[in-house]
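J.: What follows is the file protein_0.csv, containing CSV, C-alpha atoms:
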chain,number,residue,atom,x,y,z
L,162,MET,CA,-69.7,-3.6,-41.3
L,163,PRO,CA,-67.6,-5.4,-44.0
L,164,GLN,CA,-64.1,-6.2,-42.7
L,165,ALA,CA,-62.3,-4.5,-45.6
L,166,LEU,CA,-64.2,-1.2,-44.9
L,167,ARG,CA,-63.5,-1.5,-41.2
L,168,LYS,CA,-59.7,-2.0,-41.9
L,169,ARG,CA,-59.8,1.0,-44.2
L,170,GLN,CA,-61.4,3.2,-41.6
L,171,VAL,CA,-59.0,2.0,-38.9
L,172,ALA,CA,-56.0,2.9,-41.1
L,173,GLN,CA,-57.4,6.3,-42.0
L,174,SER,CA,-57.8,7.2,-38.4
L,175,GLY,CA,-54.1,6.4,-37.7
L,176,VAL,CA,-54.9,3.2,-35.8
L,177,ILE,CA,-54.0,-0.3,-37.0
L,178,GLN,CA,-55.7,-3.5,-36.1
L,179,THR,CA,-54.1,-6.9,-36.6
L,180,GLU,CA,-55.4,-10.4,-35.7
L,181,ARG,CA,-54.5,-10.0,-32.1
L,182,LEU,CA,-53.6,-6.3,-31.6
L,183,THR,CA,-54.9,-2.8,-31.8
L,184,LEU,CA,-52.4,0.1,-32.3
L,185,ARG,CA,-54.2,3.3,-31.1
L,186,HIS,CA,-53.7,6.9,-30.1
L,187,TRP,CA,-52.4,7.8,-26.7
L,188,ARG,CA,-55.1,8.7,-24.0
L,189,ARG,CA,-55.2,9.9,-20.5
L,190,GLY,CA,-53.7,7.3,-18.1
L,191,ASP,CA,-51.5,5.8,-20.8
L,192,ALA,CA,-48.3,7.3,-19.4
L,193,ALA,CA,-48.9,5.5,-16.1
L,194,SER,CA,-49.5,2.3,-18.0
L,195,LEU,CA,-46.3,2.7,-20.0
L,196,ASN,CA,-44.4,3.4,-16.8
L,197,ARG,CA,-45.8,0.2,-15.1
L,198,ALA,CA,-45.5,-2.0,-18.2
L,199,CYS,CA,-42.3,-1.0,-19.9
L,200,ASN,CA,-40.2,1.2,-17.6
L,201,THR,CA,-38.3,-1.8,-16.2
L,202,PRO,CA,-34.6,-2.7,-16.3
L,203,GLN,CA,-35.3,-5.6,-18.7
L,204,VAL,CA,-37.2,-3.5,-21.2
L,205,MET,CA,-35.0,-0.4,-20.9
L,206,ARG,CA,-31.7,-2.3,-21.0
L,207,TRP,CA,-30.7,-0.9,-24.5
L,208,LEU,CA,-32.7,2.3,-24.2
L,209,GLY,CA,-30.8,4.3,-21.7
L,210,GLY,CA,-32.1,2.6,-18.5
L,211,VAL,CA,-35.1,3.1,-16.3
L,212,GLN,CA,-36.6,6.6,-16.6
L,213,SER,CA,-38.2,8.8,-14.0
L,214,ARG,CA,-42.0,9.2,-14.2
L,215,ALA,CA,-41.5,12.7,-15.5
L,216,GLU,CA,-39.4,11.4,-18.3
L,217,VAL,CA,-42.0,8.8,-19.2
L,218,ARG,CA,-44.7,11.6,-19.3
L,219,GLU,CA,-42.4,13.7,-21.5
L,220,ASP,CA,-42.0,10.8,-23.9
L,221,VAL,CA,-45.8,10.3,-24.1
L,222,SER,CA,-46.2,14.1,-24.7
L,223,TYR,CA,-43.7,13.8,-27.5
L,224,PHE,CA,-45.5,10.9,-29.0
L,225,GLN,CA,-48.8,12.9,-29.0
L,226,ALA,CA,-47.0,15.8,-30.6
L,227,CYS,CA,-45.6,13.6,-33.3
L,228,GLN,CA,-49.2,12.3,-34.1
L,229,LYS,CA,-50.5,15.8,-34.3
L,230,GLU,CA,-47.6,17.2,-36.4
L,231,ASP,CA,-46.7,14.2,-38.6
L,232,GLY,CA,-49.8,12.0,-38.7
L,233,HIS,CA,-48.1,9.1,-37.0
L,234,THR,CA,-46.3,8.2,-33.8
L,235,PHE,CA,-45.3,5.2,-31.6
L,236,TRP,CA,-48.9,4.1,-31.1
L,237,VAL,CA,-50.1,2.3,-28.0
L,238,MET,CA,-50.2,-1.5,-28.5
L,239,GLU,CA,-53.1,-3.3,-26.9
L,240,ARG,CA,-54.2,-6.9,-27.0
L,241,ARG,CA,-57.6,-7.0,-28.7
L,242,SER,CA,-59.0,-9.8,-26.5
L,243,ASP,CA,-58.8,-7.9,-23.3
L,244,GLN,CA,-57.5,-4.4,-24.1
L,245,GLU,CA,-54.3,-5.1,-22.1
L,246,PHE,CA,-51.6,-2.5,-22.5
L,247,LEU,CA,-48.6,-4.3,-24.1
L,248,GLY,CA,-46.3,-1.4,-25.1
L,249,PHE,CA,-46.1,0.6,-28.3
L,250,CYS,CA,-45.1,0.3,-32.0
L,251,GLY,CA,-45.1,2.8,-34.8
L,252,PHE,CA,-43.1,5.6,-36.4
L,253,VAL,CA,-41.4,8.9,-35.6
L,254,LEU,CA,-39.2,11.1,-37.7
L,255,THR,CA,-35.7,10.3,-36.3
L,256,PRO,CA,-34.9,13.3,-34.0
L,257,ASP,CA,-31.3,12.7,-33.0
L,258,GLN,CA,-28.9,15.4,-34.1
L,259,ASP,CA,-25.9,13.0,-34.3
L,260,CYS,CA,-27.8,10.4,-36.4
L,261,PRO,CA,-27.1,9.8,-40.1
L,262,VAL,CA,-30.8,9.1,-40.8
L,263,ARG,CA,-32.1,12.2,-39.0
L,264,GLY,CA,-35.6,13.2,-40.1
L,265,GLU,CA,-36.3,9.8,-41.8
L,266,LEU,CA,-39.3,7.6,-41.0
L,267,GLU,CA,-38.1,5.4,-38.2
L,268,ILE,CA,-40.0,2.4,-36.9
L,269,GLY,CA,-39.7,1.4,-33.3
L,270,TRP,CA,-41.4,-0.8,-30.7
L,271,ARG,CA,-41.4,-1.6,-27.0
L,272,VAL,CA,-43.1,-4.6,-25.4
L,273,ARG,CA,-43.4,-5.4,-21.7
L,274,ALA,CA,-41.1,-8.2,-20.6
L,275,ASP,CA,-43.8,-10.6,-19.4
L,276,GLU,CA,-45.2,-10.6,-23.0
L,277,TRP,CA,-41.9,-11.2,-24.8
L,278,ARG,CA,-41.7,-14.2,-27.2
L,279,ASN,CA,-45.4,-14.1,-28.0
L,280,GLY,CA,-44.8,-12.5,-31.4
L,281,TYR,CA,-46.5,-9.2,-30.6
L,282,ALA,CA,-43.7,-6.9,-31.7
L,283,GLU,CA,-43.3,-8.7,-35.0
L,284,GLU,CA,-47.1,-8.7,-35.6
L,285,ALA,CA,-47.3,-5.0,-34.8
L,286,ALA,CA,-44.2,-4.0,-36.7
L,287,ARG,CA,-45.2,-5.9,-39.9
L,288,ALA,CA,-48.6,-4.1,-39.9
L,289,CYS,CA,-46.8,-0.8,-39.4
L,290,VAL,CA,-44.4,-1.4,-42.2
L,291,ALA,CA,-47.3,-2.3,-44.5
L,292,TRP,CA,-49.2,0.9,-43.3
L,293,SER,CA,-46.2,3.1,-44.1
L,294,ALA,CA,-46.2,1.9,-47.7
L,295,LYS,CA,-49.8,3.0,-48.1
L,296,HIS,CA,-49.8,6.2,-46.0
L,297,ARG,CA,-46.3,7.7,-46.1
L,298,PRO,CA,-44.3,8.7,-49.2
L,299,ALA,CA,-40.9,8.0,-47.6
L,300,ALA,CA,-38.4,6.2,-49.9
L,301,ARG,CA,-37.6,3.9,-47.0
L,302,VAL,CA,-38.3,3.0,-43.4
L,303,VAL,CA,-35.3,3.0,-41.0
L,304,SER,CA,-34.7,1.4,-37.6
L,305,ARG,CA,-31.8,1.7,-35.1
L,306,THR,CA,-30.6,-0.5,-32.3
L,307,ALA,CA,-27.7,-1.0,-30.1
L,308,GLN,CA,-25.1,-3.4,-31.5
L,309,SER,CA,-25.6,-6.0,-28.7
L,310,ASN,CA,-29.4,-5.9,-29.0
L,311,TRP,CA,-29.8,-9.2,-30.8
L,312,PRO,CA,-33.5,-9.6,-30.3
L,313,SER,CA,-34.3,-6.3,-32.1
L,314,ARG,CA,-31.7,-7.1,-34.8
L,315,ARG,CA,-33.4,-10.4,-35.4
L,316,LEU,CA,-36.8,-8.8,-35.6
L,317,MET,CA,-35.6,-6.2,-38.1
L,318,GLU,CA,-34.3,-9.0,-40.3
L,319,LYS,CA,-37.6,-10.9,-40.0
L,320,LEU,CA,-39.3,-7.7,-41.3
L,321,GLY,CA,-37.1,-7.7,-44.4
L,322,MET,CA,-34.9,-4.9,-43.1
L,323,ARG,CA,-31.2,-5.0,-44.0
L,324,ARG,CA,-28.3,-3.5,-42.1
L,325,GLN,CA,-26.7,-0.5,-43.7
L,326,THR,CA,-23.1,-0.7,-42.3
L,327,SER,CA,-22.3,2.7,-43.9
L,328,LEU,CA,-24.9,4.3,-41.6
L,329,ASP,CA,-23.8,2.7,-38.3
L,330,TYR,CA,-22.6,5.3,-35.9
L,331,ASP,CA,-21.4,6.0,-32.3
L,332,PRO,CA,-23.8,8.3,-30.5
L,333,ASP,CA,-22.4,11.6,-29.1
L,334,ASP,CA,-23.4,10.5,-25.5
L,335,GLY,CA,-20.8,7.8,-25.6
L,336,SER,CA,-23.3,4.9,-25.4
L,337,GLU,CA,-23.0,1.7,-27.4
L,338,ARG,CA,-22.6,1.8,-31.2
L,339,LEU,CA,-26.0,2.0,-33.0
L,340,LEU,CA,-26.7,-0.1,-36.1
L,341,VAL,CA,-29.1,1.2,-38.8
L,342,TYR,CA,-31.4,-1.1,-40.7
L,343,THR,CA,-33.7,-0.1,-43.6
L,344,ILE,CA,-36.5,-1.4,-45.8
L,345,SER,CA,-37.3,0.3,-49.1
L,346,ARG,CA,-40.8,1.5,-50.0
L,347,ASP,CA,-41.0,-1.2,-52.7
L,348,GLN,CA,-40.3,-3.9,-50.1
L,349,ALA,CA,-42.8,-2.3,-47.7
L,350,THR,CA,-45.4,-2.3,-50.4
L,351,LEU,CA,-45.0,-6.1,-50.8
L,352,LEU,CA,-45.7,-6.5,-47.1
L,353,GLN,CA,-48.8,-4.2,-47.5
L,354,ARG,CA,-50.2,-6.5,-50.2
L,355,VAL,CA,-50.0,-9.6,-47.9
L,356,ALA,CA,-51.2,-7.8,-44.7
Can you turn what I pasted into structure tokens?
T.:
Amino acid sequence: MPQALRKRQVAQSGVIQTERLTLRHWRRGDAASLNRACNTPQVMRWLGGVQSRAEVREDVSYFQACQKEDGHTFWVMERRSDQEFLGFCGFVLTPDQDCPVRGELEIGWRVRADEWRNGYAEEAARACVAWSAKHRPAARVVSRTAQSNWPSRRLMEKLGMRRQTSLDYDPDDGSERLLVYTISRDQATLLQRVA
């Protein structure tokens, strides 16, 4: 099958492939993989801390519901060479009541700590931003992170996202200030052309 046709079919199914990664739908057993790979103090440092297994299962159920209702979610991230579970990357519609970008297309990622600094989050996120330009009519893509989460902030900037200081906010739960970054549909379209 020609590569262009295969890429088109992959995108239409809601799954994205990059040179090294597959972003796919959640399956049976993935909640356990997420719990093992990413539910650690290192990974969850800026995400509210380590969760119970029940909370991880609830998250995966939520991701599956987003896929069904919205046509996108935080997809499972696997390495293509060995199908190893690395984490997730994709989009949800920002659900938080106290958030100034509630309901907007929000990109997010999570990668297990032993695979940090291999460029997987950037590779997946670039492909997702490009996918959004083609498959979602949103005027922009947003992302949020804790003020002290410099690795995520650097990645957002590498993606061409820019901080919108007027949208930064303090969550109702009293946790650290959240910073909001955005990329316009036009900028995302440029990424799609080079992806």
J.: One decimal, Å: what's the distance from CA of Lys229 (chain L) over to CA of Leu184 (chain L), could you say?
T.: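 We find that CA of Lys229 (chain L) and CA of Leu184 (chain L) lie 15.9 Å from each other.
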J.: Could you list, as a PyMOL selection string, every residue within 12 Å of Gly264 (chain L), counting all atoms listed in the file and ignoring same-chain residues fewer than 5 positions away?
T.: chain L and resi 231+252-259+299+301-303
J.: Give me a file of those residues, with C-alpha atoms, as a tab-separated table (two decimals), keeping the file's coordinate frame.
T.:
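And here's selection02.tsv as it stands now:
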chain	number	residue	atom	x	y	z
L	231	ASP	CA	-46.70	14.20	-38.60
L	252	PHE	CA	-43.10	5.60	-36.40
L	253	VAL	CA	-41.40	8.90	-35.60
L	254	LEU	CA	-39.20	11.10	-37.70
L	255	THR	CA	-35.70	10.30	-36.30
L	256	PRO	CA	-34.90	13.30	-34.00
L	257	ASP	CA	-31.30	12.70	-33.00
L	258	GLN	CA	-28.90	15.40	-34.10
L	259	ASP	CA	-25.90	13.00	-34.30
L	299	ALA	CA	-40.90	8.00	-47.60
L	301	ARG	CA	-37.60	3.90	-47.00
L	302	VAL	CA	-38.30	3.00	-43.40
L	303	VAL	CA	-35.30	3.00	-41.00
J.: Which distance in Å separates CA of Val272 (chain L) and CA of Glu180 (chain L), to one decimal?
T.: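 Result for CA of Val272 (chain L) versus CA of Glu180 (chain L): 17.1 Å, one decimal.
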J.: List the spatial neighbours of region 266-269 of chain L as JSON, numbers by chain - criterion: any atom at most 10 Å away, all atoms listed in the file, same-chain residues fewer than 3 positions off excluded.
T.: {"L": [233, 234, 235, 236, 249, 250, 251, 252, 253, 254, 255, 256, 262, 263, 282, 286, 289, 290, 293, 297, 298, 299, 300, 301, 302, 303, 304, 305, 306, 313, 317, 341, 342, 343]}
J.: List the neighbours of region 185-197 of chain L out to 9 Å using only C-alpha atoms; skip same-chain residues closer than 4 positions along the sequence, and give me the result as JSON, numbers by chain.
T.: {"L": [175, 176, 177, 178, 201, 212, 213, 214, 217, 218, 219, 220, 221, 222, 224, 225, 228, 234, 235, 236, 237, 238, 239, 246, 247, 248, 249, 273]}
J.: In Å to one decimal, how far is CA of Ala285 (chain L) from CA of Pro202 (chain L)?
T.: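 Separation of CA of Pro202 (chain L) and CA of Ala285 (chain L): 22.6 Å.
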J.: Considering only C-alpha atoms, return as an MDAnalysis selection string whatever protein or nucleic-acid residues lie within 9 Å of Leu208 (chain L), sequence-local ones (same chain, fewer than 3 positions apart) excluded.
T.: chainID L and resid 204:205 211 306:307
J.: Looking at L:Leu320, L:Ala198, L:Leu328, L:Ala349, which one is nearest to Glu245 (chain L), with distances taken over all atoms listed in the file?
T.: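 Checking each of L:Leu320, L:Ala198, L:Leu328, L:Ala349 against Glu245 (chain L), counting all atoms listed in the file, the winner is L:Ala198.
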J.: In terms of the shortest atom-to-atom distance over all atoms listed in the file, which of L:Thr179, L:Glu337, L:Ser242, L:Ile344 is closest to Glu265 (chain L)?
T.: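 Nearest to Glu265 (chain L): L:Ile344.
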J.: Quick one: of L:Trp277, L:Cys199, L:Trp292, L:Pro261, who's nearest to Leu339 (chain L), counting only C-alpha atoms?
T.: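 Smallest distance to Leu339 (chain L) is found for L:Pro261.
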